[in-house]
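Written below as structure tokens is the structure these notes are about.
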Amino acid sequence: MSLLNIESLSLSIHDTAILHGISLRIAEGEITALTGESGSGKSMTAFATMGLLPKGTGTGGAIHFDGTDLLSLPEPQMCDLRGREIGMVFQEPMTALNPVQTIGAQVMETILVHKSMTPKMAEERAREVLDRVGLPPDRFPLSRYPHELSGGQRQRVVIAMAIALRPRLLIADEPTTALDVTTQAQILDLLRGLARGQGMALMMITHDLAVVSDMADTLNVMRHGEIVESGPTRDVLHEMRHSYTRQLFEASRHQADLGPAKADTPLLSVQSVSRDFPLPRKTLFGARQTFRAVDHVSFEIRRGERVGLVGESGCGKSTLTRAILGLEATQSGRITLDGDPVWQGGHPNLTVRRKMQVVFQDPYGSFNPRHRVARLVSEPFHLLDDAPTGRALDGAIADALTAVGLSPRDADKHIHAFSGGQRQRIAIARALIIKPDLIVFDEAVSALDVRVRAQILDLMADLSRAYGLTYLFISHDLSVVRSITDRVIVMQAGKIVEDRPTRALFDAPDHPYTRTLMAAAPRLPEDLEKTPYAPDPAL
Amino acid sequence: MMRYFFKRLFSLGLSLIVASVVIFVVVEVAPGDPATFMLGINAQPDTVAALRTELGLDQSKLARYLSWAGGMLTGDFGMSYTYRTPVAQMIADRLWVSLPLAIYALTLSTLIAFPAGIFAAARRGGSGDLAVTGATQLGVAIPNFWFAMMLVLIFAINLSWFSAGGFPGWDVGFWAGLKALTLPAIALALPQAAILTRVMRSSLLDILNEDFIRTARAKGLSARQALWRHGVRNALIPVLTIIGLQFAFLLAGAIIIEQVFFLPGLGRLIFQAITQRDLIVVESVVMLLVFAVIMVNFLVDLAYAAIDPRLRART
């Protein structure tokens, strides 16, 4: 007898069909994963189960929870069920908590709103569940506010709120996507323990196959509002009857063909660089304390090398990147590109700036929506004294767009006409157009779906081979770094702890921190037969 | 929290000093000699000179600033050039009308705006929301003196519930005084309430889109509970900012309403003082208003910190 039984659920928002007949069962104590790319309808399935669909949504089919059809349940009864019988954990822990209430009050609220206990007992229970999710009372009293906690700690509070009344079904929507790998591993352990230990049914939604491959009992692969394949996780990953499952799997562990590593003359040199940030004053007239985000970091990148920079959030990699790009001054040390300092006399050095370009993470936020692609792509030309004009400019734009696999005709379109993957191609075209020596990729593929990500990685590899480009690739994702770099630099707490060729580092990590990172990173099973990955031309 | 408090207090003191210097300089730079103005243009030069000495106008600018600022601190605002009465007394008399009026109007506008804004936000896009938003459009568009005239027409002339103007003084009794201020307070409050309602509504709508409202719903709170327990307090910060600005405006900007209702308020005092070149009164009233604005901002800052723990932690 399954606890949750979704029968041919269909759903449309303002007459746009989102789900087409989803069927799914979850038994008590079972972990069921929903996986698929963005827009496949994973989250909508979860929100339909919670009865928290946006306005203007029409539904068909049925969602039976312990025999009750949730779709036809009146709102007051649904409120009674939410939080008590069905709990939910969300993707974004930084914003999922009310900033003006203490964590204790917010956990207690779940209990009090259902009038399950007296306030006194609710407080004890809140303390108990916070302990259970790994927030001990000495460091995390109930009086703490969300802004005093890290992302992982906040996610634990969200989980505590969701499980305070021991619901029978817990829905987790991308619960670890926004977290670092070591934190992710802890949160996944916690969720697994709740399902196994308390017989809680867990519906786990994730785009990351590796996360669920060693955790879920059953796996449902979704695409375009349909479940294309489902069954016990091992069987699904073993057989991969549906071509889409195979594509996802292959794309997840895709290795770009980088070609042989080149290392000519030194290009970028970072010598003993430190970067301090002032902390708020403790006393009115006392000296200001500082926080050292980057601590005497030195390394070198040679022309043609593709170097990865990894580390968890707060390790200083973004600060270091800003310093390399000449966006901020450093407190000590020297950064040079091709012998010229990136920062000179209190200003960014423009002759160096034009030899470096950067591609950022967010393909949606990094373009001015009012400009056409031609203008967006040709923006870096303002760094040059002799920028091409007229026909030469059009030619340069066409070349750059062709190089990244787009058509020269795309130059006249606006950015909203493009998908996330295409936008990232445009961002790369923008970086390429002035033929820089060094391109910095700052989490450039982190926001992309796996199949698109594989294609963009291939594109980066092709461009590097064709033009002999030098890359600095910053990422928190070890599998991506592994596939696109010759050498990896690992940063922890502002310092470089390891700097070695990619293969050697992944085969035998030296530093304990690198080992921790690797152990924490979710992995796809290795023993499955390998099939060559064929890119889908439709993307 | 104490650090936050003292930091705010320090900036309050600094603002007051800077403001007093600016006011003094601006008024000094303005053309027109008070002594000449008081005696008329045909006055004998030596009479003018004698008066200038009596008023202290022949002293150096720095000495005059210091004696003015020092006097302010001890409650001695000087003598009015025109009326030859202590400025402190003149201002105090007017303040007894203007301050209650401003507080009265602000209370009314808040009492209207909070429920109306929350009501509209909770029914976003519904007919209730449309009605409230439409009413606020009108409220913003119509000037307050038009409201004032309509109120007089309906409640004073036709219904005779209130008198059409004038202020009997607080001596005749608290309720009589309050009654005399009721129509002006309503006229002042309506446009302010319209603005405040819109701010409350849009601020609350922003908050209702936040992730933590969804979290609250997932805990089992109804939409209404989520709005009241998690929405309203978070929505208050921009609303408080507007309330602070409105109070300052109501204190000094009520001149037209004071005119319509024949109220002896600060607005009329400053208007008369400007036309009569009574510089010392102008300086004092403006300084008082600056003080009021800075005080209100200080209180608003403290209220921010009471609402939002992140502000207490920072700065």
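Numbering starts fresh at 1 for the residues of each chain in the structure tokens, the chains themselves are lettered A, B, ... in the order given, and ligands are numbered from 1 as they appear.
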With only C-alpha atoms considered, list every residue of chain B at most 8 Å from chain A, as a list in words.
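The selection requested is Glu210, Asp211, Phe212, Ile213, Arg214, Thr215, Arg217, Ala218, Lys219, Gly220, Leu221, Ser222, His230, Arg233, Asn234, Ile307, Asp308, Pro309, Arg310, Arg314 and Thr315 of chain B.
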Show which residues sit within 9 Å of A:Leu432, as a ChimeraX atom specification. Count only C-alpha atoms, and ignore same-chain residues fewer than 2 positions away.
/A:357,377,400,403,427-430,434-436,439
Residue selection dump (N, CA and C atoms) as an mmCIF file, in the first residue's frame:
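Saved to again_20.cif:
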```
data_model
loop_
_atom_site.group_PDB
_atom_site.id
_atom_site.type_symbol
_atom_site.label_atom_id
_atom_site.label_comp_id
_atom_site.auth_asym_id
_atom_site.auth_seq_id
_atom_site.Cartn_x
_atom_site.Cartn_y
_atom_site.Cartn_z
ATOM 1 N N GLN A 357 39.259 38.439 -20.686
ATOM 2 C CA GLN A 357 37.812 38.557 -20.729
ATOM 3 C C GLN A 357 37.224 37.568 -19.735
ATOM 4 N N VAL A 377 27.724 41.701 -28.119
ATOM 5 C CA VAL A 377 28.935 40.935 -28.412
ATOM 6 C C VAL A 377 30.118 41.860 -28.671
ATOM 7 N N ALA A 400 32.694 35.848 -34.491
ATOM 8 C CA ALA A 400 32.569 35.429 -33.098
ATOM 9 C C ALA A 400 31.335 34.555 -32.912
ATOM 10 N N ALA A 403 31.935 31.181 -34.398
ATOM 11 C CA ALA A 403 32.868 30.391 -33.591
ATOM 12 C C ALA A 403 32.167 29.679 -32.445
ATOM 13 N N ALA A 427 27.725 34.873 -24.476
ATOM 14 C CA ALA A 427 28.688 35.411 -23.504
ATOM 15 C C ALA A 427 30.111 35.021 -23.895
ATOM 16 N N ILE A 428 30.261 33.800 -24.394
ATOM 17 C CA ILE A 428 31.599 33.360 -24.820
ATOM 18 C C ILE A 428 32.016 34.120 -26.079
ATOM 19 N N ALA A 429 31.060 34.342 -26.986
ATOM 20 C CA ALA A 429 31.365 35.117 -28.193
ATOM 21 C C ALA A 429 31.843 36.512 -27.808
ATOM 22 N N ARG A 430 31.183 37.094 -26.809
ATOM 23 C CA ARG A 430 31.562 38.432 -26.348
ATOM 24 C C ARG A 430 32.986 38.426 -25.806
ATOM 25 N N ILE A 434 37.580 40.124 -28.891
ATOM 26 C CA ILE A 434 38.815 40.909 -28.989
ATOM 27 C C ILE A 434 40.043 40.006 -28.900
ATOM 28 N N LYS A 435 39.842 38.713 -29.117
ATOM 29 C CA LYS A 435 40.948 37.736 -29.141
ATOM 30 C C LYS A 435 41.841 37.896 -27.915
ATOM 31 N N PRO A 436 41.265 37.657 -26.726
ATOM 32 C CA PRO A 436 42.038 37.844 -25.498
ATOM 33 C C PRO A 436 43.057 36.720 -25.319
ATOM 34 N N ILE A 439 40.904 33.836 -20.826
ATOM 35 C CA ILE A 439 39.474 33.940 -20.541
ATOM 36 C C ILE A 439 39.217 33.329 -19.175
#
```
Non-local contacts of stretch 193-199 of chain B (9 Å; only C-alpha atoms; under 5 positions in same chain excluded) as a list in words:
Leu106, Leu108, Ser109, Thr110, Leu111, Ile112, Ala113, Phe114, Pro115, Ala116, Gly117, Ile118, Ala120, Val132, Thr133, Ala135, Thr136, Gln137, Leu138, Gly139, Val140, Leu188, Leu204, Pro238, Val239, Ile242 and Ile243 of chain B
Taking C-alpha atoms for each residue, export the selection above as a PDB file, in the first residue's frame.
```pdb
ATOM      1  CA  LEU B 106      -0.800  61.128  10.871  1.00  0.00           C
ATOM      2  CA  LEU B 108      -5.784  59.079  10.926  1.00  0.00           C
ATOM      3  CA  SER B 109      -3.763  58.432   7.793  1.00  0.00           C
ATOM      4  CA  THR B 110      -2.052  55.414   9.378  1.00  0.00           C
ATOM      5  CA  LEU B 111      -5.365  54.068  10.642  1.00  0.00           C
ATOM      6  CA  ILE B 112      -6.768  54.289   7.124  1.00  0.00           C
ATOM      7  CA  ALA B 113      -3.688  53.175   5.219  1.00  0.00           C
ATOM      8  CA  PHE B 114      -2.666  50.053   7.135  1.00  0.00           C
ATOM      9  CA  PRO B 115      -5.958  48.177   6.837  1.00  0.00           C
ATOM     10  CA  ALA B 116      -6.586  49.440   3.296  1.00  0.00           C
ATOM     11  CA  GLY B 117      -3.099  48.508   2.088  1.00  0.00           C
ATOM     12  CA  ILE B 118      -3.177  45.069   3.697  1.00  0.00           C
ATOM     13  CA  ALA B 120      -5.706  45.353  -1.143  1.00  0.00           C
ATOM     14  CA  VAL B 132      -8.698  50.516  -3.059  1.00  0.00           C
ATOM     15  CA  THR B 133      -6.144  51.272  -5.765  1.00  0.00           C
ATOM     16  CA  ALA B 135      -9.499  55.346  -4.430  1.00  0.00           C
ATOM     17  CA  THR B 136      -5.815  55.972  -3.745  1.00  0.00           C
ATOM     18  CA  GLN B 137      -5.377  57.291  -7.293  1.00  0.00           C
ATOM     19  CA  LEU B 138      -8.039  59.881  -6.529  1.00  0.00           C
ATOM     20  CA  GLY B 139      -6.582  60.598  -3.111  1.00  0.00           C
ATOM     21  CA  VAL B 140      -3.155  61.306  -4.566  1.00  0.00           C
ATOM     22  CA  LEU B 188      -4.575  66.644   5.703  1.00  0.00           C
ATOM     23  CA  LEU B 204       3.465  43.828   1.148  1.00  0.00           C
ATOM     24  CA  PRO B 238       9.416  51.278   3.549  1.00  0.00           C
ATOM     25  CA  VAL B 239       6.129  52.246   5.183  1.00  0.00           C
ATOM     26  CA  ILE B 242       7.174  57.332   4.328  1.00  0.00           C
ATOM     27  CA  ILE B 243       5.513  57.969   7.704  1.00  0.00           C
TER      28      ILE B 243
END
```
Tell me, in Å to one decimal, how far atom CA of A:Ile489 is from atom CA of A:Leu472.
10.1 Å
Kindly give the distance, in Å, that separates atom CA of A:Thr35 and atom CA of A:Arg451, rounded to a single decimal.
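Atom CA of A:Arg451 lies at a distance of 13.3 Å from atom CA of A:Thr35.
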Among listed residues B:Ala69, B:Leu9, B:Leu55, B:Leu263, nearest B:Thr82 (using only C-alpha atoms):
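Nearest to B:Thr82: B:Leu55.
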Set the distance at 12 Å and use only C-alpha atoms: which residues neighbour B:Gly13 once local chain neighbours fewer than 3 positions away are removed? I'd like the list as a VMD selection string.
chain B and resid 6 to 10 16 to 20 290 to 291 294 to 295 298
Can I get the selected residues back with N, CA and C atoms, as a tab-separated table (two decimals), in the first residue's frame?
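again_24.tsv was written with the following content:
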```tsv
chain	number	residue	atom	x	y	z
B	6	PHE	N	23.88	54.58	19.72
B	6	PHE	CA	24.79	55.71	19.88
B	6	PHE	C	25.26	56.25	18.53
B	7	LYS	N	25.41	55.34	17.59
B	7	LYS	CA	25.82	55.77	16.27
B	7	LYS	C	24.76	56.69	15.65
B	8	ARG	N	23.50	56.29	15.81
B	8	ARG	CA	22.39	57.12	15.31
B	8	ARG	C	22.37	58.46	16.04
B	9	LEU	N	22.58	58.40	17.37
B	9	LEU	CA	22.53	59.61	18.19
B	9	LEU	C	23.63	60.58	17.77
B	10	PHE	N	24.80	60.03	17.51
B	10	PHE	CA	25.93	60.84	17.08
B	10	PHE	C	25.60	61.53	15.76
B	16	LEU	N	22.28	68.20	13.28
B	16	LEU	CA	21.73	69.44	13.84
B	16	LEU	C	22.72	70.60	13.70
B	17	ILE	N	23.99	70.33	13.97
B	17	ILE	CA	25.00	71.38	13.88
B	17	ILE	C	25.12	71.87	12.43
B	18	VAL	N	25.24	70.92	11.52
B	18	VAL	CA	25.37	71.29	10.10
B	18	VAL	C	24.14	72.08	9.66
B	19	ALA	N	22.95	71.60	10.06
B	19	ALA	CA	21.72	72.27	9.64
B	19	ALA	C	21.68	73.70	10.16
B	20	SER	N	22.10	73.90	11.42
B	20	SER	CA	22.01	75.25	11.99
B	20	SER	C	22.92	76.22	11.23
B	290	VAL	N	13.72	71.55	11.30
B	290	VAL	CA	14.84	70.64	11.04
B	290	VAL	C	15.01	69.69	12.22
B	291	PHE	N	14.94	70.26	13.41
B	291	PHE	CA	15.06	69.43	14.60
B	291	PHE	C	13.98	68.35	14.61
B	294	ILE	N	14.80	65.66	11.99
B	294	ILE	CA	15.92	64.80	12.40
B	294	ILE	C	15.50	63.88	13.54
B	295	MET	N	14.72	64.42	14.47
B	295	MET	CA	14.22	63.60	15.58
B	295	MET	C	13.37	62.45	15.05
B	298	PHE	N	15.40	59.88	13.48
B	298	PHE	CA	16.07	59.10	14.53
B	298	PHE	C	15.13	58.03	15.08
```
Report as a ChimeraX atom specification all protein, DNA and RNA residues lying within 10 Å of A:Leu505, evaluated on only C-alpha atoms, omitting residues in the same chain fewer than 5 positions from it.
/A:482,487-490,498-500,510-511,514-515
Among stretch 122-312 of chain B, which residues carry a DSSP assignment of alpha helix (DSSP H), reported as a compact mmCIF listing (two decimals) with C-alpha atoms, in the first residue's frame?
```txt
# COMPACT_ATOMS: atom_id res chain seq x y z
CA ALA B 122 -4.36 40.24 0.25
CA SER B 127 -12.30 43.78 -7.12
CA GLY B 128 -11.42 44.88 -3.55
CA ASP B 129 -7.87 45.62 -4.68
CA LEU B 130 -9.13 47.55 -7.70
CA ALA B 131 -11.45 49.63 -5.54
CA VAL B 132 -8.70 50.52 -3.06
CA THR B 133 -6.14 51.27 -5.76
CA GLY B 134 -8.68 53.43 -7.60
CA ALA B 135 -9.50 55.35 -4.43
CA THR B 136 -5.82 55.97 -3.75
CA GLN B 137 -5.38 57.29 -7.29
CA LEU B 138 -8.04 59.88 -6.53
CA GLY B 139 -6.58 60.60 -3.11
CA VAL B 140 -3.15 61.31 -4.57
CA ALA B 141 -4.55 63.42 -7.38
CA ASN B 144 -5.94 68.59 0.26
CA PHE B 145 -7.50 72.08 0.22
CA TRP B 146 -10.23 70.73 -2.04
CA PHE B 147 -10.96 68.07 0.55
CA ALA B 148 -10.90 70.83 3.14
CA MET B 149 -13.52 72.90 1.30
CA MET B 150 -15.73 69.87 0.73
CA LEU B 151 -15.51 68.93 4.39
CA PHE B 174 -9.41 68.80 25.35
CA TRP B 175 -12.42 67.54 23.39
CA ALA B 176 -13.38 70.99 22.15
CA GLY B 177 -9.83 71.49 20.92
CA LEU B 178 -9.78 68.09 19.29
CA LYS B 179 -13.11 68.76 17.63
CA ALA B 180 -11.82 71.98 16.12
CA LEU B 181 -8.86 70.10 14.68
CA THR B 182 -10.91 67.21 13.29
CA LEU B 183 -11.85 68.58 9.86
CA PRO B 184 -8.35 69.97 9.15
CA ALA B 185 -6.82 66.68 10.29
CA ILE B 186 -9.07 64.71 7.94
CA ALA B 187 -8.29 67.04 5.03
CA LEU B 188 -4.57 66.64 5.70
CA ALA B 189 -4.81 62.90 6.27
CA LEU B 190 -6.66 61.83 3.13
CA PRO B 191 -3.93 62.47 0.53
CA GLN B 192 -1.29 61.15 2.95
CA ALA B 193 -3.37 58.03 3.55
CA ALA B 194 -3.63 57.47 -0.19
CA ILE B 195 0.14 57.56 -0.58
CA LEU B 196 0.71 55.41 2.48
CA THR B 197 -1.85 52.83 1.31
CA ARG B 198 -0.05 52.45 -1.99
CA VAL B 199 3.30 52.04 -0.26
CA MET B 200 1.87 49.50 2.18
CA ARG B 201 0.24 47.54 -0.63
CA SER B 202 3.26 47.37 -2.93
CA SER B 203 5.65 46.66 -0.08
CA LEU B 204 3.47 43.83 1.15
CA LEU B 205 3.08 42.42 -2.36
CA ASP B 206 6.87 42.31 -2.68
CA ILE B 207 7.12 40.44 0.59
CA LEU B 208 4.35 38.00 -0.36
CA ASP B 211 10.41 32.43 -0.51
CA PHE B 212 9.75 32.49 3.21
CA ILE B 213 6.05 33.11 2.64
CA ARG B 214 5.99 29.88 0.62
CA THR B 215 7.85 28.18 3.46
CA ALA B 216 5.22 29.43 5.88
CA ARG B 217 2.46 28.04 3.65
CA ALA B 218 4.26 24.69 3.52
CA ALA B 223 -2.64 32.47 3.10
CA ARG B 224 -4.08 34.94 5.61
CA GLN B 225 -1.98 33.66 8.51
CA ALA B 226 1.17 33.78 6.39
CA VAL B 232 3.25 42.63 7.60
CA ARG B 233 6.28 43.11 9.83
CA ASN B 234 8.67 42.65 6.93
CA ALA B 235 6.67 45.11 4.84
CA LEU B 236 6.87 47.86 7.46
CA ILE B 237 10.34 49.27 6.67
CA PRO B 238 9.42 51.28 3.55
CA VAL B 239 6.13 52.25 5.18
CA LEU B 240 7.93 53.70 8.20
CA THR B 241 10.20 55.72 5.94
CA ILE B 242 7.17 57.33 4.33
CA ILE B 243 5.51 57.97 7.70
CA GLY B 244 8.63 59.81 8.86
CA LEU B 245 8.64 62.01 5.76
CA GLN B 246 4.92 62.67 6.09
CA PHE B 247 5.19 63.80 9.68
CA ALA B 248 7.73 66.45 8.78
CA PHE B 249 5.52 67.64 5.96
CA LEU B 250 2.41 67.74 8.15
CA LEU B 251 4.17 69.81 10.80
CA ALA B 252 5.19 72.66 8.52
CA ILE B 255 -0.12 76.26 5.64
CA ILE B 256 -2.94 76.03 3.10
CA ILE B 257 -5.09 73.98 5.43
CA GLU B 258 -4.31 76.41 8.27
CA GLN B 259 -5.42 79.21 5.97
CA VAL B 260 -8.67 77.45 5.01
CA LEU B 266 3.42 77.17 12.37
CA GLY B 267 2.84 77.33 8.62
CA ARG B 268 1.17 80.72 8.85
CA LEU B 269 3.76 81.98 11.31
CA ILE B 270 6.65 81.22 9.00
CA PHE B 271 4.80 82.66 6.01
CA GLN B 272 4.18 85.94 7.82
CA ALA B 273 7.73 86.07 9.14
CA ILE B 274 9.14 85.66 5.64
CA THR B 275 6.99 88.42 4.16
CA LEU B 279 14.70 86.81 10.06
CA ILE B 280 15.07 85.63 13.60
CA VAL B 281 11.62 84.04 13.56
CA VAL B 282 12.33 82.41 10.19
CA GLU B 283 15.62 81.03 11.44
CA SER B 284 14.08 79.69 14.61
CA VAL B 285 11.07 78.08 13.01
CA VAL B 286 13.16 76.48 10.28
CA MET B 287 15.62 75.24 12.88
CA LEU B 288 12.76 73.81 14.89
CA LEU B 289 11.41 72.02 11.83
CA VAL B 290 14.84 70.64 11.04
CA PHE B 291 15.06 69.43 14.60
CA ALA B 292 11.67 67.77 14.27
CA VAL B 293 12.63 66.06 10.99
CA ILE B 294 15.92 64.80 12.40
CA MET B 295 14.22 63.60 15.58
CA VAL B 296 11.60 61.75 13.57
CA ASN B 297 14.26 60.15 11.40
CA PHE B 298 16.07 59.10 14.53
CA LEU B 299 12.92 57.48 15.87
CA VAL B 300 12.32 55.82 12.48
CA ASP B 301 15.86 54.45 12.58
CA LEU B 302 15.23 53.01 16.02
CA ALA B 303 11.99 51.49 14.76
CA TYR B 304 13.87 49.87 11.85
CA ALA B 305 16.21 48.23 14.32
CA ALA B 306 13.29 47.05 16.43
CA ILE B 307 11.74 45.44 13.34
CA PRO B 309 17.43 42.09 13.64
CA ARG B 310 19.87 42.34 10.72
CA LEU B 311 20.12 46.11 11.26
CA ARG B 312 20.84 45.62 14.94
```
